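See below for target.txt, which holds compact mmCIF, C-alpha atoms (C1' of nucleotides).
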```
# COMPACT_ATOMS: atom_id res chain seq x y z
CA MET A 1 104.13 191.67 138.30
CA LEU A 2 100.50 190.78 137.83
CA SER A 3 99.37 191.32 134.25
CA LYS A 4 96.49 193.66 133.53
CA LYS A 5 94.77 190.73 131.95
CA THR A 6 94.68 188.92 135.28
CA LYS A 7 93.83 192.03 137.23
CA TYR A 8 90.91 192.89 134.95
CA GLY A 9 89.85 189.27 134.75
CA ILE A 10 89.57 188.98 138.53
CA LYS A 11 87.67 192.25 138.70
CA ALA A 12 85.25 191.08 136.04
CA LEU A 13 84.73 187.73 137.74
CA THR A 14 84.08 189.44 141.05
CA PHE A 15 81.60 191.72 139.36
CA LEU A 16 79.77 188.71 137.93
CA ALA A 17 79.88 186.99 141.29
CA LYS A 18 77.88 189.84 142.74
CA GLN A 19 75.09 189.31 140.24
CA GLU A 20 72.36 186.74 140.44
CA LEU A 21 73.55 183.40 139.13
CA ASN A 22 72.90 182.77 135.43
CA VAL A 23 71.77 186.31 134.69
CA PRO A 24 73.89 187.48 131.74
CA VAL A 25 75.79 190.75 132.07
CA GLN A 26 77.01 192.58 128.99
CA ILE A 27 80.69 193.24 128.41
CA ALA A 28 79.97 196.96 128.11
CA THR A 29 78.38 197.03 131.54
CA ILE A 30 81.42 195.49 133.19
CA SER A 31 83.74 197.60 131.10
CA GLN A 32 82.14 200.84 132.26
CA SER A 33 81.66 199.83 135.83
CA GLU A 34 85.23 198.60 136.28
CA ASN A 35 87.02 201.07 134.00
CA ILE A 36 88.35 198.43 131.67
CA SER A 37 88.91 198.92 127.94
CA LEU A 38 86.00 197.25 126.17
CA LYS A 39 88.03 195.40 123.57
CA PHE A 40 90.58 194.14 126.04
CA LEU A 41 87.88 192.94 128.39
CA GLU A 42 86.21 191.20 125.47
CA SER A 43 89.23 188.99 124.91
CA ILE A 44 89.63 188.31 128.61
CA LEU A 45 86.04 187.15 128.99
CA LEU A 46 86.48 185.01 125.91
CA THR A 47 89.40 183.28 127.60
CA LEU A 48 87.39 182.76 130.76
CA ARG A 49 84.53 181.27 128.82
CA LYS A 50 86.77 178.91 126.90
CA SER A 51 88.31 177.77 130.16
CA GLY A 52 84.88 176.80 131.41
CA LEU A 53 84.45 179.42 134.10
CA LEU A 54 81.90 181.53 132.27
CA GLY A 55 78.90 180.93 130.09
CA SER A 56 77.70 183.37 127.49
CA LYS A 57 74.62 184.26 125.56
CA LYS A 58 74.47 186.16 122.29
CA GLY A 59 71.99 188.75 121.05
CA LYS A 60 69.70 191.00 123.02
CA GLY A 61 69.67 190.25 126.71
CA GLY A 62 72.91 188.38 126.21
CA GLY A 63 76.17 188.64 128.07
CA TYR A 64 78.37 186.61 130.38
CA TYR A 65 77.52 184.76 133.56
CA LEU A 66 79.25 182.47 136.02
CA LEU A 67 78.74 178.78 135.48
CA LYS A 68 79.33 177.87 139.11
CA ASN A 69 78.64 179.23 142.52
CA PRO A 70 81.38 181.75 143.46
CA LYS A 71 82.22 179.59 146.47
CA GLU A 72 83.16 176.76 144.16
CA ILE A 73 85.55 178.84 142.08
CA LYS A 74 89.02 178.65 143.59
CA MET A 75 91.53 181.37 142.85
CA THR A 76 94.01 178.65 141.91
CA THR A 77 91.91 177.99 138.82
CA VAL A 78 91.43 181.66 138.04
CA MET A 79 95.12 182.44 138.36
CA ARG A 80 96.16 179.50 136.20
CA VAL A 81 93.71 180.46 133.46
CA LEU A 82 94.60 184.15 133.42
CA GLU A 83 98.19 184.42 134.61
CA GLY A 84 99.54 180.98 133.86
CA PRO A 85 101.48 178.69 136.20
CA ILE A 86 101.52 179.64 139.89
CA ALA A 87 105.16 178.66 140.17
CA MET A 88 107.69 181.39 139.44
CA VAL A 89 110.00 178.93 137.76
CA PRO A 90 109.07 175.97 135.53
CA CYS A 91 111.19 173.51 137.53
CA VAL A 92 108.90 173.85 140.55
CA SER A 93 105.65 173.89 138.62
CA LEU A 94 103.23 171.10 139.45
CA ASN A 95 101.19 171.38 136.28
CA TYR A 96 103.73 172.73 133.81
CA TYR A 97 106.98 171.21 135.00
CA GLU A 98 110.03 171.78 132.87
CA ARG A 99 113.66 171.13 133.59
CA CYS A 100 116.17 174.01 133.54
CA ASP A 101 118.91 173.44 130.97
CA ASP A 102 121.48 175.30 133.05
CA CYS A 103 120.82 173.33 136.22
CA PRO A 104 122.69 170.02 136.56
CA ASP A 105 120.93 168.99 139.76
CA GLU A 106 117.66 170.38 141.06
CA ALA A 107 118.25 168.91 144.48
CA GLU A 108 121.24 171.18 144.89
CA CYS A 109 119.79 174.30 143.33
CA SER A 110 119.29 177.19 145.74
CA VAL A 111 116.70 178.86 143.53
CA HIS A 112 114.72 175.65 143.28
CA HIS A 113 114.46 175.28 147.04
CA LEU A 114 113.43 178.87 147.61
CA MET A 115 110.86 178.83 144.85
CA ILE A 116 109.22 175.66 146.15
CA GLN A 117 108.45 177.50 149.34
CA VAL A 118 107.03 180.46 147.46
CA ARG A 119 104.95 178.19 145.27
CA ASP A 120 103.53 176.32 148.24
CA SER A 121 102.57 179.41 150.17
CA ASN A 122 100.92 181.00 147.17
CA LEU A 123 99.17 177.78 146.32
CA LYS A 124 97.83 177.72 149.86
CA ILE A 125 96.41 181.22 149.56
CA TYR A 126 94.86 180.68 146.15
CA GLY A 127 93.52 177.32 147.22
CA GLU A 128 91.88 178.70 150.32
CA THR A 129 90.38 181.70 148.58
CA SER A 130 87.30 181.47 146.40
CA LEU A 131 85.67 184.10 144.25
CA ALA A 132 83.06 184.47 146.97
CA ASP A 133 85.77 185.57 149.39
CA LEU A 134 86.70 188.46 147.12
CA ILE A 135 83.29 190.08 147.28
CA ILE A 136 83.43 193.00 149.67
CA MET B 1 107.84 184.39 136.20
CA LEU B 2 111.20 184.84 137.78
CA SER B 3 113.61 186.61 135.46
CA LYS B 4 116.85 184.90 134.49
CA LYS B 5 118.61 187.88 135.97
CA THR B 6 117.22 187.05 139.40
CA LYS B 7 117.73 183.33 138.98
CA TYR B 8 121.36 183.75 137.97
CA GLY B 9 121.91 186.43 140.59
CA ILE B 10 120.76 184.15 143.39
CA LYS B 11 122.90 181.31 142.06
CA ALA B 12 125.92 183.57 141.93
CA LEU B 13 125.31 184.87 145.44
CA THR B 14 124.93 181.36 146.76
CA PHE B 15 128.17 180.40 145.05
CA LEU B 16 129.94 183.29 146.73
CA ALA B 17 128.38 182.42 150.04
CA LYS B 18 130.09 179.05 149.89
CA GLN B 19 133.52 180.68 149.57
CA GLU B 20 135.58 182.09 152.35
CA LEU B 21 134.49 185.58 153.23
CA ASN B 22 136.36 188.36 151.41
CA VAL B 23 138.17 186.04 149.05
CA PRO B 24 137.46 187.40 145.55
CA VAL B 25 136.05 185.01 142.95
CA GLN B 26 136.32 185.82 139.26
CA ILE B 27 133.24 186.25 137.11
CA ALA B 28 134.53 183.56 134.76
CA THR B 29 134.75 181.04 137.57
CA ILE B 30 131.13 181.57 138.58
CA SER B 31 130.05 181.70 134.95
CA GLN B 32 131.55 178.30 134.19
CA SER B 33 130.54 176.65 137.41
CA GLU B 34 126.91 177.79 137.21
CA ASN B 35 126.45 177.71 133.43
CA ILE B 36 125.70 181.38 133.10
CA SER B 37 126.63 183.52 130.10
CA LEU B 38 129.71 185.49 131.09
CA LYS B 39 128.56 188.85 129.82
CA PHE B 40 125.12 188.55 131.33
CA LEU B 41 126.56 187.53 134.67
CA GLU B 42 128.93 190.46 134.45
CA SER B 43 126.08 192.94 134.42
CA ILE B 44 124.23 191.10 137.19
CA LEU B 45 127.22 191.19 139.50
CA LEU B 46 127.64 194.85 138.68
CA THR B 47 124.11 195.47 139.88
CA LEU B 48 124.72 193.52 143.05
CA ARG B 49 127.88 195.47 143.76
CA LYS B 50 126.17 198.81 143.22
CA SER B 51 123.42 197.75 145.57
CA GLY B 52 125.97 197.16 148.30
CA LEU B 53 125.75 193.39 148.53
CA LEU B 54 129.05 192.65 146.87
CA GLY B 55 132.53 194.09 146.89
CA SER B 56 134.95 193.80 144.00
CA LYS B 57 138.62 193.93 143.27
CA LYS B 58 140.23 194.58 139.91
CA GLY B 59 143.33 193.10 138.35
CA LYS B 60 145.04 189.82 139.04
CA GLY B 61 143.55 187.94 141.96
CA GLY B 62 140.51 190.15 141.67
CA GLY B 63 136.86 189.25 141.54
CA TYR B 64 133.71 189.58 143.58
CA TYR B 65 133.06 188.76 147.21
CA LEU B 66 130.24 189.11 149.71
CA LEU B 67 130.41 192.14 151.94
CA LYS B 68 128.41 190.55 154.74
CA ASN B 69 127.98 187.20 156.36
CA PRO B 70 125.48 185.10 154.37
CA LYS B 71 123.32 184.87 157.47
CA GLU B 72 122.89 188.62 157.43
CA ILE B 73 121.73 188.76 153.82
CA LYS B 74 117.96 188.42 153.70
CA MET B 75 116.29 187.24 150.51
CA THR B 76 113.98 190.24 150.78
CA THR B 77 116.94 192.44 149.92
CA VAL B 78 118.18 190.16 147.18
CA MET B 79 114.77 189.91 145.54
CA ARG B 80 114.20 193.65 145.65
CA VAL B 81 117.58 194.38 144.08
CA LEU B 82 117.29 191.79 141.32
CA GLU B 83 113.59 191.32 140.64
CA GLY B 84 112.12 194.57 141.92
CA PRO B 85 109.16 195.00 144.28
CA ILE B 86 107.94 191.89 146.10
CA ALA B 87 104.32 192.95 145.62
CA MET B 88 102.64 191.76 142.46
CA VAL B 89 100.76 195.00 142.11
CA PRO B 90 101.99 198.53 142.91
CA CYS B 91 98.97 199.36 145.06
CA VAL B 92 100.04 196.80 147.67
CA SER B 93 103.75 197.57 147.54
CA LEU B 94 105.27 198.75 150.80
CA ASN B 95 108.33 200.33 149.23
CA TYR B 96 107.06 201.33 145.81
CA TYR B 97 103.42 202.12 146.42
CA GLU B 98 101.46 203.53 143.52
CA ARG B 99 97.77 204.03 143.11
CA CYS B 100 95.90 202.28 140.26
CA ASP B 101 94.20 204.77 137.95
CA ASP B 102 91.38 202.40 137.17
CA CYS B 103 90.55 201.70 140.80
CA PRO B 104 88.22 204.20 142.52
CA ASP B 105 88.55 202.63 145.95
CA GLU B 106 91.29 200.27 147.10
CA ALA B 107 89.28 199.21 150.11
CA GLU B 108 86.68 197.70 147.81
CA CYS B 109 89.05 196.19 145.27
CA SER B 110 89.06 192.40 145.16
CA VAL B 111 92.48 192.24 143.56
CA HIS B 112 93.92 194.51 146.19
CA HIS B 113 92.76 192.28 149.02
CA LEU B 114 94.02 189.10 147.45
CA MET B 115 97.37 190.58 146.57
CA ILE B 116 97.96 191.85 150.09
CA GLN B 117 97.78 188.27 151.28
CA VAL B 118 100.20 187.12 148.60
CA ARG B 119 102.57 189.94 149.39
CA ASP B 120 102.57 189.18 153.10
CA SER B 121 103.20 185.48 152.71
CA ASN B 122 106.02 186.04 150.25
CA LEU B 123 107.49 188.74 152.43
CA LYS B 124 107.46 186.29 155.29
CA ILE B 125 109.35 183.67 153.32
CA TYR B 126 111.93 186.08 151.95
CA GLY B 127 112.32 187.69 155.35
CA GLU B 128 112.89 184.40 157.13
CA THR B 129 115.32 183.10 154.53
CA SER B 130 118.91 184.24 154.34
CA LEU B 131 121.59 183.45 151.79
CA ALA B 132 123.03 181.03 154.31
CA ASP B 133 119.81 179.03 154.21
CA LEU B 134 120.19 178.49 150.48
CA ILE B 135 123.52 176.69 150.77
CA ILE B 136 122.96 172.98 150.37
C1' DT C 1 157.38 200.67 133.28
C1' DA C 2 155.33 197.46 130.18
C1' DA C 3 152.38 193.49 130.09
C1' DT C 4 148.63 191.21 131.79
C1' DA C 5 144.52 190.26 134.32
C1' DA C 6 140.72 191.47 136.00
C1' DG C 7 136.36 194.43 136.62
C1' DT C 8 133.62 198.70 134.46
C1' DC C 9 130.85 200.98 131.30
C1' DT C 10 128.07 202.09 127.13
C1' DA C 11 125.71 200.81 123.24
C1' DT C 12 123.37 197.83 120.26
C1' DT C 13 120.70 193.98 118.91
C1' DT C 14 117.27 190.62 119.10
C1' DA C 15 113.27 188.44 120.64
C1' DT C 16 109.26 188.25 123.06
C1' DC C 17 105.11 189.68 124.92
C1' DA C 18 101.65 192.72 126.96
C1' DG C 19 98.37 195.61 125.68
C1' DA C 20 95.75 198.03 122.55
C1' DT C 21 93.12 198.54 118.29
C1' DA C 22 90.37 197.59 114.13
C1' DG C 23 87.10 195.20 111.44
C1' DG C 24 84.42 191.64 110.07
C1' DT C 25 81.40 187.26 111.48
C1' DT C 26 77.84 184.69 113.87
C1' DA C 27 73.90 183.82 116.74
C1' DA C 28 69.86 185.26 119.33
C1' DG C 29 66.12 187.88 120.18
C1' DT C 30 62.02 191.46 118.27
C1' DA D 1 64.63 191.86 108.26
C1' DC D 2 66.75 194.36 111.84
C1' DT D 3 69.17 194.98 115.88
C1' DT D 4 71.97 193.54 119.57
C1' DA D 5 75.67 191.50 121.58
C1' DA D 6 79.11 187.92 121.65
C1' DC D 7 82.89 185.85 118.62
C1' DC D 8 87.04 185.70 116.00
C1' DT D 9 91.26 187.09 113.43
C1' DA D 10 94.75 190.07 112.41
C1' DT D 11 97.79 193.66 113.21
C1' DC D 12 100.43 197.20 115.53
C1' DT D 13 103.04 199.32 119.08
C1' DG D 14 105.99 199.85 122.96
C1' DA D 15 108.31 198.00 126.67
C1' DT D 16 111.34 194.86 128.50
C1' DA D 17 114.33 190.67 128.97
C1' DA D 18 118.32 188.72 127.44
C1' DA D 19 122.28 188.50 124.82
C1' DT D 20 126.34 190.51 122.59
C1' DA D 21 130.25 193.50 121.41
C1' DG D 22 133.86 196.50 122.23
C1' DA D 23 136.41 199.86 124.43
C1' DC D 24 138.00 201.80 129.17
C1' DT D 25 140.01 201.50 133.88
C1' DT D 26 142.51 199.78 137.69
C1' DA D 27 145.60 196.60 140.02
C1' DT D 28 149.27 193.33 139.96
C1' DT D 29 153.66 191.60 138.75
C1' DA D 30 157.69 190.73 136.21
```
Target encoding structure tokens, full file:
Amino acid sequence: MLSKKTKYGIKALTFLAKQELNVPVQIATISQSENISLKFLESILLTLRKSGLLGSKKGKGGGYYLLKNPKEIKMTTVMRVLEGPIAMVPCVSLNYYERCDDCPDEAECSVHHLMIQVRDSNLKIYGETSLADLII
Amino acid sequence: MLSKKTKYGIKALTFLAKQELNVPVQIATISQSENISLKFLESILLTLRKSGLLGSKKGKGGGYYLLKNPKEIKMTTVMRVLEGPIAMVPCVSLNYYERCDDCPDEAECSVHHLMIQVRDSNLKIYGETSLADLII
DNA sequence: TAATAAGTCTATTTATCAGATAGGTTAAGT
DNA sequence: ACTTAACCTATCTGATAAATAGACTTATTA
């Protein structure tokens, strides 16, 4: 299941992608427009800023804005920041690899093989999709 | 993330797929061979039996066995039984569709569009893979 | 028919995490 | 100074995954 954090995060990013570049949008504006709890959205945007996807400005006329052109923002990045590893199992994760304690041999693990396929196909989709592609 | 339930379930099914058809294998045998907690595995196999994938026999010489040829068992079925819906979001689920309360219009939802692609590619993999394909 | 070997079922516990909520702090404009 | 809006920390709640325990049922076999 996709977390609400990720769902809301993508919605917020798409909203920002529709705006003019570098024009700050307030949290409250996004919150109302996308039906997202203000406080929850606040923490999500914070995460996105810390990850380097968003810039922010305080005080009057402040808000959040994209730091890059939507075409340059791959969903791979977005998903990793919001949802975590793309892989469904740590032993097939490219960036967060971890061995399974129960598994004596990955090469002979049925789950491992299946999940590599799933990872690759999802990676392909996220890699080929940019924020710009999500604007409708 | 893939739940341990699903992970163990697939391992157990693969183990059974390697056996002769209709020859019962005891929970304890699978548990030891695959390093899965006996009690946890017990409940997983129960689920698989109730879903119609496995048969069981009590008493001496009893155990669990596949009811169909491994080639006939699609991973789509296995995943749905163990992990739940393939879709990452209910609004793109074929079998468990549910509207999002926050979303006024699915046709204009960026998440919706992205997740349809993910669903379809995963569905393709699970649909083209059978238990037999997982035997190494 | 008693003993044993297996699966079946219910309940409880523990841990973790998503999601929500509250309240105070800091920086930028006017 | 005052206001506005982002920033940060802490806490709570509920749901769910995973593990554990113990008693029940059915089949075999001696």
From (102.9, 190.0, 138.6), in the file's coordinates, out to 9 Å: which residues are reached, counting all atoms listed in the file? Answer as a list in words.
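Selection result: Met1, Leu2, Ser3, Lys4, Thr6 and Glu83 of chain A; Met1, Ala87, Met88 and Val89 of chain B.
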Restricting it to C-alpha atoms, dump the selection as a PDB file, in the frame of the given file.
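Saved as part.pdb:
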```
ATOM      1  CA  MET A   1     104.130 191.670 138.300  1.00  0.00           C
ATOM      2  CA  LEU A   2     100.500 190.780 137.830  1.00  0.00           C
ATOM      3  CA  SER A   3      99.370 191.320 134.250  1.00  0.00           C
ATOM      4  CA  LYS A   4      96.490 193.660 133.530  1.00  0.00           C
ATOM      5  CA  THR A   6      94.680 188.920 135.280  1.00  0.00           C
ATOM      6  CA  GLU A  83      98.190 184.420 134.610  1.00  0.00           C
TER       7      GLU A  83
ATOM      8  CA  MET B   1     107.840 184.390 136.200  1.00  0.00           C
ATOM      9  CA  ALA B  87     104.320 192.950 145.620  1.00  0.00           C
ATOM     10  CA  MET B  88     102.640 191.760 142.460  1.00  0.00           C
ATOM     11  CA  VAL B  89     100.760 195.000 142.110  1.00  0.00           C
TER      12      VAL B  89
END
```
Could you check how far CA of His112 in chain B sits from CA of Ser130 in chain A, in Å to one decimal?
14.6 Å
Would you mind listing what lies within 12 Å of DT9 in chain D as a ChimeraX atom specification, with only C-alpha atoms (C1' of nucleotides) counted and same-chain residues fewer than 5 positions away left out?
/A:43 /C:22-25
Which residues of chain A are close to chain B, meaning at most 8 Å apart when you count only C-alpha atoms, and how do they look as a PyMOL selection string?
chain A and resi 1-2+7+10-11+14+34-36+87-89+102-103+108-111+113-114+117-118+121-122+125+134-136
Students should find that CA of Lys57 in chain B and CA of Val25 in chain B are spaced 9.3 Å
My list of candidates is B:Arg49, B:Lys68, B:Lys39, B:Lys58. Which is closest to DT20 in chain D when distances are computed with all atoms listed in the file?
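Distance minimum relative to DT20 in chain D lands on B:Lys39.
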To box range 1-13 of chain C, take all atoms listed in the file, fit an axis-aligned box, add 8 Å on each side, and give centre and edge lengths in Å to one decimal, as lines of an AutoDock Vina configuration file.
```
center_x = 139.0
center_y = 196.2
center_z = 127.8
size_x = 52.7
size_y = 27.8
size_z = 33.7
```
